[in-house]
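S.K.: Input file: input31.tsv. Contents: TSV, C-alpha atoms.
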chain	number	residue	atom	x	y	z
A	183	MET	CA	79.55	191.33	-61.51
A	184	THR	CA	79.06	187.83	-60.09
A	185	LYS	CA	82.01	185.81	-58.85
A	186	PHE	CA	81.97	182.04	-59.37
A	187	ASN	CA	84.37	179.59	-57.74
A	188	ILE	CA	85.29	176.71	-60.05
A	189	CYS	CA	87.13	173.69	-58.69
A	190	VAL	CA	89.37	172.39	-61.49
A	191	ILE	CA	90.63	168.80	-61.40
A	192	PRO	CA	92.93	168.44	-64.43
A	193	GLY	CA	93.73	164.80	-63.69
A	194	ASP	CA	95.92	162.67	-65.92
A	195	GLY	CA	97.01	162.36	-69.55
A	196	ILE	CA	95.43	165.04	-71.70
A	197	GLY	CA	93.27	166.21	-68.79
A	198	PRO	CA	95.47	169.21	-67.93
A	199	GLU	CA	95.54	170.32	-71.57
A	200	VAL	CA	91.79	170.21	-72.18
A	201	THR	CA	90.81	171.71	-68.82
A	202	LYS	CA	93.19	174.59	-69.52
A	203	SER	CA	91.31	175.17	-72.78
A	204	ALA	CA	87.93	175.15	-71.05
A	205	CYS	CA	89.15	177.57	-68.39
A	206	GLU	CA	90.40	179.94	-71.09
A	207	VAL	CA	86.97	179.86	-72.72
A	208	LEU	CA	85.31	180.56	-69.36
A	209	GLU	CA	87.67	183.50	-68.89
A	210	ALA	CA	86.51	184.83	-72.27
A	211	VAL	CA	82.91	184.39	-71.11
A	212	GLY	CA	83.74	186.40	-68.01
A	213	LYS	CA	85.41	189.11	-70.06
A	214	LYS	CA	82.39	189.52	-72.30
A	215	SER	CA	79.61	189.09	-69.74
A	216	GLY	CA	81.19	190.82	-66.75
A	217	HIS	CA	81.29	187.72	-64.55
A	218	GLU	CA	84.40	186.59	-62.72
A	219	PHE	CA	85.57	182.98	-62.60
A	220	VAL	CA	88.00	182.02	-59.86
A	221	PHE	CA	89.74	178.70	-60.56
A	222	GLN	CA	91.18	176.45	-57.88
A	223	ASP	CA	93.34	173.62	-59.24
A	224	VAL	CA	93.43	170.44	-57.15
A	225	ILE	CA	94.64	166.89	-57.79
A	226	ALA	CA	92.84	163.57	-58.20
A	227	GLY	CA	93.45	160.33	-60.06
A	228	GLY	CA	96.84	158.93	-60.99
A	229	CYS	CA	98.74	162.14	-60.35
A	230	ALA	CA	97.34	162.21	-56.82
A	231	ILE	CA	98.41	158.61	-56.28
A	232	ASP	CA	101.93	159.56	-57.35
A	233	GLN	CA	102.01	162.60	-55.06
A	234	CYS	CA	100.25	161.36	-51.93
A	235	ASP	CA	99.30	157.70	-52.46
A	236	ASP	CA	95.59	158.57	-52.54
A	237	PRO	CA	93.47	158.92	-55.70
A	238	LEU	CA	91.18	161.43	-53.95
A	239	PRO	CA	92.90	163.50	-51.25
A	240	SER	CA	90.54	164.93	-48.63
A	241	GLU	CA	91.62	168.45	-49.62
A	242	THR	CA	90.37	167.85	-53.15
A	243	LEU	CA	86.96	166.66	-52.03
A	244	GLU	CA	86.67	169.58	-49.63
A	245	ALA	CA	87.54	172.06	-52.40
A	246	ALA	CA	84.93	170.46	-54.65
A	247	LYS	CA	82.26	170.71	-51.96
A	248	ASN	CA	83.00	174.39	-51.41
A	249	SER	CA	82.88	175.34	-55.09
A	250	ASP	CA	80.07	176.47	-57.35
A	251	ALA	CA	80.96	173.75	-59.85
A	252	VAL	CA	83.66	171.20	-60.60
A	253	LEU	CA	85.45	170.91	-63.94
A	254	LEU	CA	87.20	167.56	-64.40
A	255	GLY	CA	89.62	166.53	-67.13
A	256	ALA	CA	90.26	162.78	-67.09
A	257	VAL	CA	91.82	160.24	-64.76
A	258	GLY	CA	93.68	156.99	-65.23
A	259	GLY	CA	96.18	155.38	-67.53
A	260	PRO	CA	98.16	152.15	-67.95
A	261	LYS	CA	100.72	153.31	-65.39
A	262	TRP	CA	98.22	152.58	-62.61
A	263	ASP	CA	96.37	149.59	-64.12
A	264	ASN	CA	97.79	147.02	-61.71
A	265	LEU	CA	96.76	148.79	-58.51
A	266	PRO	CA	93.94	147.35	-56.35
A	267	GLY	CA	90.45	148.76	-56.93
A	268	LYS	CA	90.35	151.29	-54.09
A	269	LYS	CA	93.80	152.58	-55.04
A	270	ARG	CA	93.11	152.97	-58.76
A	271	PRO	CA	92.66	156.45	-60.27
A	272	GLU	CA	89.03	155.68	-61.12
A	273	ALA	CA	88.26	155.41	-57.40
A	274	ALA	CA	88.50	159.21	-57.39
A	275	LEU	CA	85.43	159.41	-59.63
A	276	LEU	CA	83.36	157.22	-57.34
A	277	GLY	CA	84.54	159.20	-54.32
A	278	LEU	CA	83.63	162.52	-55.94
A	279	ARG	CA	80.19	161.26	-56.97
A	280	LYS	CA	79.49	159.96	-53.48
A	281	GLY	CA	81.00	162.93	-51.67
A	282	LEU	CA	79.09	165.47	-53.76
A	283	GLY	CA	75.86	163.44	-53.86
A	284	LEU	CA	75.87	163.28	-57.67
A	285	PHE	CA	73.04	160.93	-58.61
A	286	ALA	CA	72.20	162.15	-62.14
A	287	ASN	CA	74.59	161.77	-65.06
A	288	LEU	CA	73.69	163.81	-68.14
A	289	ARG	CA	75.36	162.76	-71.37
A	290	LEU	CA	74.59	164.87	-74.39
A	291	ALA	CA	75.07	163.16	-77.75
A	292	VAL	CA	74.96	165.75	-80.52
A	293	LEU	CA	75.89	165.05	-84.11
A	294	PHE	CA	77.09	168.34	-85.55
A	295	PRO	CA	76.09	168.77	-89.22
A	296	GLU	CA	79.72	169.37	-90.16
A	297	LEU	CA	80.67	165.95	-88.74
A	298	ARG	CA	77.74	164.04	-90.17
A	299	SER	CA	79.91	161.90	-92.43
A	300	ALA	CA	81.80	160.63	-89.36
A	301	SER	CA	78.69	158.89	-88.06
A	302	PRO	CA	78.49	155.15	-88.79
A	303	LEU	CA	74.77	155.58	-89.52
A	304	ARG	CA	73.41	156.11	-93.04
A	305	GLU	CA	72.98	159.63	-94.34
A	306	ASP	CA	69.19	159.30	-94.54
A	307	ILE	CA	69.04	158.48	-90.81
A	308	VAL	CA	71.18	161.37	-89.58
A	309	LYS	CA	70.52	163.98	-92.28
A	310	ASP	CA	68.47	166.05	-89.81
A	311	GLY	CA	71.09	165.73	-87.10
A	312	VAL	CA	71.06	163.96	-83.73
A	313	ASP	CA	70.53	165.64	-80.36
A	314	ILE	CA	69.90	163.18	-77.53
A	315	MET	CA	70.17	163.73	-73.78
A	316	ILE	CA	70.67	160.53	-71.80
A	317	VAL	CA	69.89	160.87	-68.10
A	318	ARG	CA	71.56	158.02	-66.22
A	319	GLU	CA	70.98	157.19	-62.55
A	320	LEU	CA	74.47	157.28	-61.11
A	321	THR	CA	74.58	156.03	-57.52
A	322	GLY	CA	72.25	153.03	-57.34
A	323	GLY	CA	71.41	149.81	-59.12
A	324	ILE	CA	73.61	146.84	-59.81
A	325	TYR	CA	76.86	148.82	-59.70
A	326	PHE	CA	76.29	149.62	-56.03
A	327	GLY	CA	74.37	146.52	-54.95
A	328	GLU	CA	75.48	143.61	-52.85
A	329	ARG	CA	78.05	141.46	-54.61
A	330	GLY	CA	80.32	138.55	-53.95
A	331	THR	CA	81.72	135.16	-54.94
A	332	ALA	CA	81.43	131.82	-53.24
A	333	PRO	CA	81.98	128.14	-54.00
A	334	SER	CA	78.81	126.22	-54.82
A	335	ASP	CA	77.85	122.68	-53.97
A	336	GLY	CA	75.25	122.69	-56.74
A	337	VAL	CA	75.33	121.02	-60.13
A	338	LEU	CA	73.99	121.80	-63.60
A	339	GLU	CA	71.18	119.80	-65.17
A	340	ASP	CA	73.69	117.30	-66.56
A	341	GLY	CA	75.42	116.84	-63.22
A	342	THR	CA	78.40	119.11	-63.90
A	343	PRO	CA	79.56	120.79	-60.65
A	344	LYS	CA	78.89	124.51	-60.68
A	345	GLY	CA	82.20	125.45	-59.06
A	346	MET	CA	82.49	129.11	-58.09
A	347	GLU	CA	79.47	131.39	-58.26
A	348	ALA	CA	79.35	135.18	-58.41
A	349	TYR	CA	76.47	137.53	-57.83
A	350	ASP	CA	75.65	141.23	-58.24
A	351	VAL	CA	72.33	142.47	-56.84
A	352	GLU	CA	70.23	145.09	-58.65
A	353	ARG	CA	68.39	147.16	-56.05
A	354	TYR	CA	66.50	150.44	-56.35
A	355	SER	CA	64.36	152.36	-53.92
A	356	GLU	CA	61.29	154.38	-54.85
A	357	ALA	CA	63.04	157.58	-53.69
A	358	GLU	CA	66.11	156.93	-55.88
A	359	ILE	CA	63.94	156.34	-58.92
A	360	GLU	CA	61.70	159.34	-58.28
A	361	ARG	CA	64.54	161.84	-58.02
A	362	ILE	CA	66.21	160.74	-61.27
A	363	LEU	CA	62.87	160.67	-63.11
A	364	LYS	CA	62.18	164.24	-61.98
A	365	VAL	CA	65.51	165.26	-63.51
A	366	GLY	CA	64.55	163.54	-66.76
A	367	PHE	CA	61.08	165.10	-66.92
A	368	THR	CA	62.46	168.55	-66.07
A	369	ILE	CA	65.06	168.35	-68.84
A	370	ALA	CA	62.40	167.12	-71.28
A	371	MET	CA	60.33	170.22	-70.45
A	372	GLN	CA	63.32	172.35	-71.46
A	373	ARG	CA	63.76	170.52	-74.77
A	374	LYS	CA	61.18	168.88	-77.07
A	375	LYS	CA	58.98	167.54	-74.25
A	376	ARG	CA	59.51	163.91	-75.22
A	377	LEU	CA	60.80	161.33	-72.75
A	378	ILE	CA	61.65	157.64	-73.04
A	379	VAL	CA	62.00	155.59	-69.86
A	380	VAL	CA	64.23	152.62	-70.69
A	381	ASP	CA	63.91	149.43	-68.63
A	382	LYS	CA	63.48	145.65	-68.79
A	383	ALA	CA	60.11	145.45	-67.08
A	384	ASN	CA	59.19	142.15	-68.76
A	385	ILE	CA	61.94	140.50	-66.68
A	386	LEU	CA	63.17	142.70	-63.83
A	387	GLU	CA	61.25	143.60	-60.68
A	388	THR	CA	63.31	146.78	-60.35
A	389	SER	CA	62.17	147.87	-63.80
A	390	ARG	CA	58.54	147.31	-62.85
A	391	LEU	CA	59.09	149.65	-59.91
A	392	TRP	CA	60.56	152.22	-62.33
A	393	ARG	CA	57.31	152.07	-64.30
A	394	LYS	CA	55.13	152.46	-61.22
A	395	VAL	CA	57.08	155.49	-60.04
A	396	THR	CA	56.96	157.01	-63.54
A	397	GLU	CA	53.18	156.71	-63.63
A	398	LYS	CA	53.01	158.35	-60.20
A	399	ILE	CA	55.04	161.47	-61.05
A	400	ALA	CA	54.17	161.91	-64.75
A	401	PRO	CA	50.96	163.89	-63.99
A	402	SER	CA	53.21	166.61	-62.50
A	403	PHE	CA	54.63	167.11	-66.00
A	404	PRO	CA	51.48	167.01	-68.18
A	405	GLU	CA	53.21	168.61	-71.18
A	406	VAL	CA	55.78	165.83	-71.48
A	407	ALA	CA	54.86	162.91	-73.75
A	408	TYR	CA	56.52	159.83	-72.29
A	409	GLU	CA	56.79	156.19	-73.23
A	410	PHE	CA	58.39	153.04	-71.88
A	411	MET	CA	60.88	151.07	-73.95
A	412	TYR	CA	62.72	147.84	-73.24
A	413	VAL	CA	66.47	148.30	-73.24
A	414	ASP	CA	67.05	145.84	-76.09
A	415	ASN	CA	64.55	147.72	-78.26
A	416	ALA	CA	66.06	151.06	-77.20
A	417	SER	CA	69.50	149.93	-78.38
A	418	MET	CA	67.98	149.12	-81.78
A	419	GLN	CA	65.94	152.32	-82.02
A	420	LEU	CA	69.07	154.39	-81.36
A	421	LEU	CA	70.35	153.01	-84.64
A	422	ARG	CA	67.06	153.13	-86.54
A	423	GLN	CA	65.71	156.53	-85.53
A	424	ALA	CA	68.28	158.41	-83.48
A	425	ALA	CA	67.13	161.74	-84.92
A	426	GLN	CA	63.64	161.24	-83.46
A	427	MET	CA	64.86	160.67	-79.90
A	428	ASP	CA	65.06	163.49	-77.37
A	429	VAL	CA	65.50	162.57	-73.67
A	430	ILE	CA	66.18	159.08	-72.35
A	431	VAL	CA	66.14	158.34	-68.62
A	432	THR	CA	67.27	154.99	-67.30
A	433	SER	CA	69.12	152.99	-64.66
A	434	ASN	CA	72.83	153.00	-63.93
A	435	MET	CA	73.87	149.99	-66.01
A	436	PHE	CA	71.50	150.58	-68.93
A	437	GLY	CA	72.53	154.24	-69.05
A	438	ASP	CA	76.19	153.30	-69.05
A	439	ILE	CA	75.73	151.11	-72.12
A	440	LEU	CA	73.25	153.25	-74.08
A	441	SER	CA	75.20	156.48	-73.60
A	442	ASP	CA	78.29	154.86	-75.13
A	443	GLU	CA	76.20	153.66	-78.07
A	444	ALA	CA	74.75	157.14	-78.53
A	445	GLY	CA	78.26	158.57	-78.37
A	446	MET	CA	79.39	156.35	-81.20
A	447	ILE	CA	76.53	157.63	-83.35
A	448	THR	CA	77.99	161.13	-83.20
A	449	GLY	CA	81.19	159.94	-84.85
A	450	SER	CA	83.73	161.09	-82.27
A	451	ILE	CA	84.04	160.60	-78.53
A	452	GLY	CA	86.19	163.74	-78.58
A	453	MET	CA	83.03	165.83	-79.02
A	454	LEU	CA	80.94	164.53	-76.12
A	455	PRO	CA	80.40	166.50	-72.89
A	456	SER	CA	78.77	165.28	-69.69
A	457	ALA	CA	77.47	166.55	-66.37
A	458	SER	CA	76.90	164.81	-63.05
A	459	LEU	CA	74.37	166.56	-60.83
A	460	GLY	CA	72.94	166.20	-57.33
A	461	GLU	CA	70.41	168.21	-55.38
A	462	PRO	CA	69.73	171.79	-56.55
A	463	GLY	CA	72.18	174.24	-55.07
A	464	LYS	CA	74.94	171.66	-54.73
A	465	PRO	CA	78.00	171.77	-57.04
A	466	GLY	CA	77.78	169.63	-60.15
A	467	MET	CA	80.74	167.97	-61.86
A	468	TYR	CA	81.42	168.44	-65.57
A	469	GLU	CA	83.78	166.37	-67.70
A	470	PRO	CA	84.38	165.19	-71.25
A	471	VAL	CA	83.34	161.63	-72.00
A	472	HIS	CA	86.72	160.72	-73.50
A	473	GLY	CA	89.50	159.26	-71.37
A	474	SER	CA	92.98	160.45	-70.47
A	475	ALA	CA	94.54	159.37	-73.81
A	476	PRO	CA	98.08	159.10	-72.40
A	477	ASP	CA	99.47	158.22	-75.84
A	478	ILE	CA	98.91	161.80	-77.06
A	479	ALA	CA	99.41	163.65	-73.77
A	480	GLY	CA	101.78	166.58	-74.08
A	481	LYS	CA	101.74	166.61	-77.86
A	482	GLY	CA	99.36	169.55	-78.15
A	483	ILE	CA	96.94	167.69	-80.44
A	484	ALA	CA	94.14	166.73	-78.02
A	485	ASN	CA	90.63	167.79	-78.99
A	486	PRO	CA	89.43	170.36	-76.39
A	487	LEU	CA	85.88	170.65	-77.72
A	488	ALA	CA	84.26	168.04	-75.45
A	489	THR	CA	85.67	169.80	-72.39
A	490	ILE	CA	84.67	173.22	-73.74
A	491	LEU	CA	81.14	171.89	-74.31
A	492	SER	CA	81.21	170.46	-70.77
A	493	ALA	CA	82.03	173.99	-69.59
A	494	ALA	CA	78.95	175.17	-71.48
A	495	MET	CA	76.88	172.64	-69.54
A	496	LEU	CA	78.49	173.98	-66.36
A	497	LEU	CA	77.44	177.51	-67.25
A	498	ARG	CA	73.87	176.43	-67.89
A	499	SER	CA	73.20	173.84	-65.17
A	500	SER	CA	75.26	175.06	-62.20
A	501	LEU	CA	75.60	178.80	-62.74
A	502	GLY	CA	72.32	179.61	-64.46
A	503	LEU	CA	74.07	181.34	-67.37
A	504	SER	CA	72.01	179.85	-70.18
A	505	ASP	CA	72.66	182.63	-72.69
A	506	GLU	CA	76.42	182.37	-72.21
A	507	ALA	CA	76.25	178.58	-72.51
A	508	ALA	CA	74.33	178.80	-75.77
A	509	LYS	CA	76.90	181.23	-77.18
A	510	VAL	CA	79.79	178.89	-76.30
A	511	GLU	CA	77.99	176.08	-78.12
A	512	GLN	CA	77.32	178.42	-81.04
A	513	ALA	CA	81.01	179.32	-81.15
A	514	VAL	CA	82.01	175.66	-81.35
A	515	ARG	CA	79.61	175.15	-84.25
A	516	ALA	CA	80.93	178.24	-86.01
A	517	VAL	CA	84.49	176.93	-85.79
A	518	LEU	CA	83.45	173.57	-87.19
A	519	ALA	CA	81.49	175.29	-89.96
A	520	GLY	CA	84.67	177.17	-90.82
A	521	GLY	CA	86.39	173.88	-91.60
A	522	TYR	CA	88.66	173.84	-88.54
A	523	ARG	CA	89.39	170.43	-87.03
A	524	THR	CA	91.64	168.66	-84.58
A	525	VAL	CA	93.20	165.56	-86.05
A	526	ASP	CA	90.72	163.14	-84.45
A	527	ILE	CA	87.73	164.71	-86.25
A	528	SER	CA	89.36	165.49	-89.58
A	529	LEU	CA	87.40	163.85	-92.39
A	530	SER	CA	88.63	165.65	-95.48
A	531	LYS	CA	91.86	166.83	-97.05
A	532	ASP	CA	90.23	170.26	-97.20
A	533	ASP	CA	90.03	170.52	-93.39
A	534	THR	CA	92.29	172.94	-91.56
A	535	ILE	CA	94.00	170.87	-88.85
A	536	LEU	CA	94.62	172.67	-85.58
A	537	GLY	CA	96.27	171.74	-82.31
A	538	THR	CA	94.69	172.06	-78.88
A	539	LYS	CA	95.70	175.67	-78.30
A	540	GLU	CA	94.86	176.83	-81.82
A	541	MET	CA	91.40	175.23	-81.67
A	542	THR	CA	90.77	176.85	-78.30
A	543	ASP	CA	91.82	180.24	-79.67
A	544	LYS	CA	89.41	179.82	-82.60
A	545	VAL	CA	86.51	179.05	-80.26
A	546	ILE	CA	87.33	182.10	-78.12
A	547	GLU	CA	87.58	184.28	-81.21
A	548	ALA	CA	84.22	183.01	-82.46
A	549	TYR	CA	82.63	183.55	-79.04
A	550	LEU	CA	83.86	187.12	-78.74
A	551	ASP	CA	82.53	187.86	-82.23
A	552	LEU	CA	78.98	186.82	-81.33
For the file at hand, write its structure as structure tokens.
M.R.:
Amino acid sequence: MTKFNICVIPGDGIGPEVTKSACEVLEAVGKKSGHEFVFQDVIAGGCAIDQCDDPLPSETLEAAKNSDAVLLGAVGGPKWDNLPGKKRPEAALLGLRKGLGLFANLRLAVLFPELRSASPLREDIVKDGVDIMIVRELTGGIYFGERGTAPSDGVLEDGTPKGMEAYDVERYSEAEIERILKVGFTIAMQRKKRLIVVDKANILETSRLWRKVTEKIAPSFPEVAYEFMYVDNASMQLLRQAAQMDVIVTSNMFGDILSDEAGMITGSIGMLPSASLGEPGKPGMYEPVHGSAPDIAGKGIANPLATILSAAMLLRSSLGLSDEAAKVEQAVRAVLAGGYRTVDISLSKDDTILGTKEMTDKVIEAYLDL
């Protein structure tokens, strides 16, 4: 028996409900496989602000660092919208990423066959399904570059005073690019061995560096077929041929945008898991892509599947339990194939609508039957 320590950050809104579901599924995994999962609940986000006036208490970060993996629900809500940036719930996410050294964000966009009609794309485009892994650089680029505002003495071509100016600097180092590309190539080796590096190399100097670094490390992964694609073309190809795409690796801002587009293709944000990873051997952080949804919190109707699928990613990427992860994913598909839905993914009057707990129980039942 192997014991794993999981740091659980339920967060705000529906976060506590969906993390509870994922933990129950992990307990079922432990029961069947003989592993033991020890959960430590800590606070972050809005609830932490309410309790100790800090979105990320030092005790929470310390617990995360000392864990084998971190399971996060969601943070934020309108209650805290008027707080200054460093005091907002979302500051907890940035603090966790920095504190844990999480530089690679993995967002898996899978269109389950049972939910195909929920996709906004035509049937002929998605008939074979969609399974895309977007690998986003998480701690560099324009989001972390120098920024500021200042009055300008300059004028436009017609003489109009410019007034205030604002700037955000995109900056990447060779080392930052190399480590995220290695993650992308490694994941491609585990999948269909196809990789797209998305950039804007016809305009941006940083993108040209991305291409140079790609050409340098690609020979280390000779089995992976890779190509470069401008971000504007990539956004179009996601709509034209999503089923043909496998792994996309890109910068922080481009990954932020493209992963949301890919998520929309799947038909429901309530089905999308994600992982944020750092150096091997360090704890990763796993969370659903959806937000805290405070309008449905406490009603027992939240969709737990994205968090359960995030737990599957946790099993695979942080704990090395690939077989168990695959069975959790298989259980989710079996439940969907059985016609069971939460209200957000119900597409037909023939669906059987379940609440959060009932859906979780169905997944556990399906897992134990495998």
S.K.: For A:Pro271, which of A:Gly473, A:Pro404, A:Pro333, A:Gly327 is the closest residue, counting all atoms listed in the file?
M.R.: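 Distance minimum relative to A:Pro271 lands on A:Gly473.
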S.K.: Rounded to one decimal place, report the atom CA of A:Leu208-atom CA of A:Asp428 distance in Å.
M.R.: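 Atom-to-atom, atom CA of A:Leu208 and atom CA of A:Asp428 are spaced 27.7 Å apart.
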S.K.: Using only C-alpha atoms, which of A:Ala370, A:Ser441, A:Met411, A:Glu506 sits nearest A:Ala383?
M.R.: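 Using only C-alpha atoms, A:Ala383 sits closest to A:Met411.
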S.K.: For A:Cys189, work out the shell of residues within 12 Å, counting only C-alpha atoms and skipping chain neighbours fewer than 3 positions away, then give it as number ranges by chain.
M.R.: A: 186, 192, 201, 205, 219-226, 241-255, 465-468, 496
S.K.: Counting all atoms listed in the file, what is within 12 Å of A:Gln423, bar same-chain residues fewer than 4 positions away, as a tab-separated table (two decimals) with C-alpha atoms, keeping the file's coordinate frame?
M.R.:
chain	number	residue	atom	x	y	z
A	303	LEU	CA	74.77	155.58	-89.52
A	304	ARG	CA	73.41	156.11	-93.04
A	305	GLU	CA	72.98	159.63	-94.34
A	306	ASP	CA	69.19	159.30	-94.54
A	307	ILE	CA	69.04	158.48	-90.81
A	308	VAL	CA	71.18	161.37	-89.58
A	309	LYS	CA	70.52	163.98	-92.28
A	310	ASP	CA	68.47	166.05	-89.81
A	311	GLY	CA	71.09	165.73	-87.10
A	312	VAL	CA	71.06	163.96	-83.73
A	313	ASP	CA	70.53	165.64	-80.36
A	314	ILE	CA	69.90	163.18	-77.53
A	415	ASN	CA	64.55	147.72	-78.26
A	416	ALA	CA	66.06	151.06	-77.20
A	417	SER	CA	69.50	149.93	-78.38
A	418	MET	CA	67.98	149.12	-81.78
A	419	GLN	CA	65.94	152.32	-82.02
A	427	MET	CA	64.86	160.67	-79.90
A	428	ASP	CA	65.06	163.49	-77.37
A	444	ALA	CA	74.75	157.14	-78.53
A	447	ILE	CA	76.53	157.63	-83.35
S.K.: Using all atoms listed in the file, can you tell me which of A:Asn434, A:Ser499, A:Thr542, A:Thr489 comes closest to A:Gly463?
M.R.: A:Ser499
S.K.: Give the answer as one residue: which of A:Val413, A:Pro401, A:Val395, A:Ser203 has the shortest atom-to-atom distance to A:Asp381, using all atoms listed in the file?
M.R.: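 For A:Asp381, the nearest of the candidates is A:Val413.
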S.K.: Extract, using only C-alpha atoms, all DNA, RNA and protein residues at most 12 Å from A:Asp477, discarding same-chain residues fewer than 5 positions from it, and format them as number ranges by chain.
M.R.: A: 194-196, 259-261, 482-484
S.K.: List every protein, DNA or RNA residue that has at least one atom no more than 7 Å from (75.1, 166.7, -81.1) in the file's coordinates, counting only C-alpha atoms, and write the result as number ranges by chain.
M.R.: A: 290-294, 312-313, 448
S.K.: For the contact check between stretch 414-517 of chain A and stretch 342-362 of chain A, emit one row per residue of stretch 414-517 of chain A within 12 Å, containing the shortest atom pair and the distance in Å rounded to one decimal, counting only C-alpha atoms, chain then rising number order, as CSV.
M.R.:
residue,atom,partner,partner_atom,distance
A:Ile430,CA,A:Ile362,CA,11.2
A:Val431,CA,A:Ile362,CA,7.7
A:Thr432,CA,A:Ile362,CA,8.4
A:Ser433,CA,A:Ile359,CA,8.4
A:Asn434,CA,A:Glu352,CA,9.9
A:Met435,CA,A:Glu352,CA,9.6
A:Phe436,CA,A:Glu352,CA,11.7
A:Gly437,CA,A:Ile362,CA,11.9
A:Ser458,CA,A:Ile362,CA,11.6
A:Leu459,CA,A:Ile362,CA,10.0
A:Gly460,CA,A:Arg361,CA,9.5
A:Glu461,CA,A:Arg361,CA,9.1
A:Pro462,CA,A:Arg361,CA,11.3
S.K.: Calculate, to one decimal in Å, the centre and edge lengths of the box along x, y and z of the file that holds all listed atoms of stretch 362-381 of chain A with 3 Å of margin on each side, and present them as lines of an AutoDock Vina configuration file.
M.R.:
center_x = 62.6
center_y = 160.9
center_z = -69.2
size_x = 13.2
size_y = 28.9
size_z = 21.8
S.K.: Could you give me, as a PDB file with C-alpha atoms, in the coordinates of the input, the residues within 8 Å of A:Ile546, counting all atoms listed in the file and dropping anything in the same chain fewer than 3 positions from it?
M.R.:
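After the write, out_13.pdb holds the following:
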ATOM      1  CA  GLU A 206      90.400 179.940 -71.090  1.00  0.00           C
ATOM      2  CA  VAL A 207      86.970 179.860 -72.720  1.00  0.00           C
ATOM      3  CA  ALA A 210      86.510 184.830 -72.270  1.00  0.00           C
ATOM      4  CA  ALA A 513      81.010 179.320 -81.150  1.00  0.00           C
ATOM      5  CA  THR A 542      90.770 176.850 -78.300  1.00  0.00           C
ATOM      6  CA  ASP A 543      91.820 180.240 -79.670  1.00  0.00           C
ATOM      7  CA  TYR A 549      82.630 183.550 -79.040  1.00  0.00           C
ATOM      8  CA  LEU A 550      83.860 187.120 -78.740  1.00  0.00           C
TER       9      LEU A 550
END
S.K.: Between A:Glu511, A:Asp442, A:Glu547, A:Asp526, which has the minimum distance to A:Arg318 (counting all atoms listed in the file)?
M.R.: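 Going through A:Glu511, A:Asp442, A:Glu547, A:Asp526 one by one, the smallest distance to A:Arg318 is for A:Asp442.
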S.K.: Check the smallest atom-to-atom distance from each of A:Leu238, A:Ile378, A:Val429, A:Ala494 to A:Ser456 using all atoms listed in the file, then report the winner.
M.R.: A:Ala494
S.K.: Using only C-alpha atoms and a cutoff of 9 Å, can you tell me which residues are near (82.1, 166.5, -71.6) in the file's coordinates, and write them out as an mmCIF file with C-alpha atoms, keeping the file's coordinate frame?
M.R.:
data_model
loop_
_atom_site.group_PDB
_atom_site.id
_atom_site.type_symbol
_atom_site.label_atom_id
_atom_site.label_comp_id
_atom_site.auth_asym_id
_atom_site.auth_seq_id
_atom_site.Cartn_x
_atom_site.Cartn_y
_atom_site.Cartn_z
ATOM 1 C CA LEU A 254 87.200 167.560 -64.400
ATOM 2 C CA GLY A 255 89.620 166.530 -67.130
ATOM 3 C CA ARG A 289 75.360 162.760 -71.370
ATOM 4 C CA LEU A 290 74.590 164.870 -74.390
ATOM 5 C CA GLY A 452 86.190 163.740 -78.580
ATOM 6 C CA MET A 453 83.030 165.830 -79.020
ATOM 7 C CA LEU A 454 80.940 164.530 -76.120
ATOM 8 C CA PRO A 455 80.400 166.500 -72.890
ATOM 9 C CA SER A 456 78.770 165.280 -69.690
ATOM 10 C CA ALA A 457 77.470 166.550 -66.370
ATOM 11 C CA TYR A 468 81.420 168.440 -65.570
ATOM 12 C CA GLU A 469 83.780 166.370 -67.700
ATOM 13 C CA PRO A 470 84.380 165.190 -71.250
ATOM 14 C CA VAL A 471 83.340 161.630 -72.000
ATOM 15 C CA HIS A 472 86.720 160.720 -73.500
ATOM 16 C CA LEU A 487 85.880 170.650 -77.720
ATOM 17 C CA ALA A 488 84.260 168.040 -75.450
ATOM 18 C CA THR A 489 85.670 169.800 -72.390
ATOM 19 C CA ILE A 490 84.670 173.220 -73.740
ATOM 20 C CA LEU A 491 81.140 171.890 -74.310
ATOM 21 C CA SER A 492 81.210 170.460 -70.770
ATOM 22 C CA ALA A 493 82.030 173.990 -69.590
ATOM 23 C CA MET A 495 76.880 172.640 -69.540
#
S.K.: So how many Å separate atom CA of A:Ala507 and atom CA of A:Arg373, to one decimal?
M.R.: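 Distance between the two atoms: 15.0 Å.
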S.K.: As a VMD selection string, please: the residues near A:Asp263 (cut-off 12 Å, all atoms listed in the file, same-chain neighbours under 5 positions excluded).
M.R.: chain A and resid 227 to 228 257 to 258 268 to 272
S.K.: Suppose you want the space between atom CA of A:Ile231 and atom CA of A:Trp262; what is it in Å?
M.R.: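 Atom-to-atom, atom CA of A:Ile231 to atom CA of A:Trp262, that is 8.7 Å.
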S.K.: What does stretch 437-449 of chain A look like written to a file with C-alpha atoms, as an mmCIF file, in the first residue's frame?
M.R.:
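result.cif, written as the output of this step:
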data_model
loop_
_atom_site.group_PDB
_atom_site.id
_atom_site.type_symbol
_atom_site.label_atom_id
_atom_site.label_comp_id
_atom_site.auth_asym_id
_atom_site.auth_seq_id
_atom_site.Cartn_x
_atom_site.Cartn_y
_atom_site.Cartn_z
ATOM 1 C CA GLY A 437 -2.598 29.673 -24.384
ATOM 2 C CA ASP A 438 -5.065 31.548 -22.216
ATOM 3 C CA ILE A 439 -7.147 32.492 -25.251
ATOM 4 C CA LEU A 440 -6.878 29.271 -27.267
ATOM 5 C CA SER A 441 -7.673 27.004 -24.318
ATOM 6 C CA ASP A 442 -10.927 28.879 -23.734
ATOM 7 C CA GLU A 443 -11.798 28.526 -27.417
ATOM 8 C CA ALA A 444 -11.028 24.805 -27.295
ATOM 9 C CA GLY A 445 -13.169 24.514 -24.175
ATOM 10 C CA MET A 446 -16.136 26.017 -25.968
ATOM 11 C CA ILE A 447 -15.782 23.413 -28.715
ATOM 12 C CA THR A 448 -16.489 20.660 -26.187
ATOM 13 C CA GLY A 449 -19.899 22.143 -25.425
#
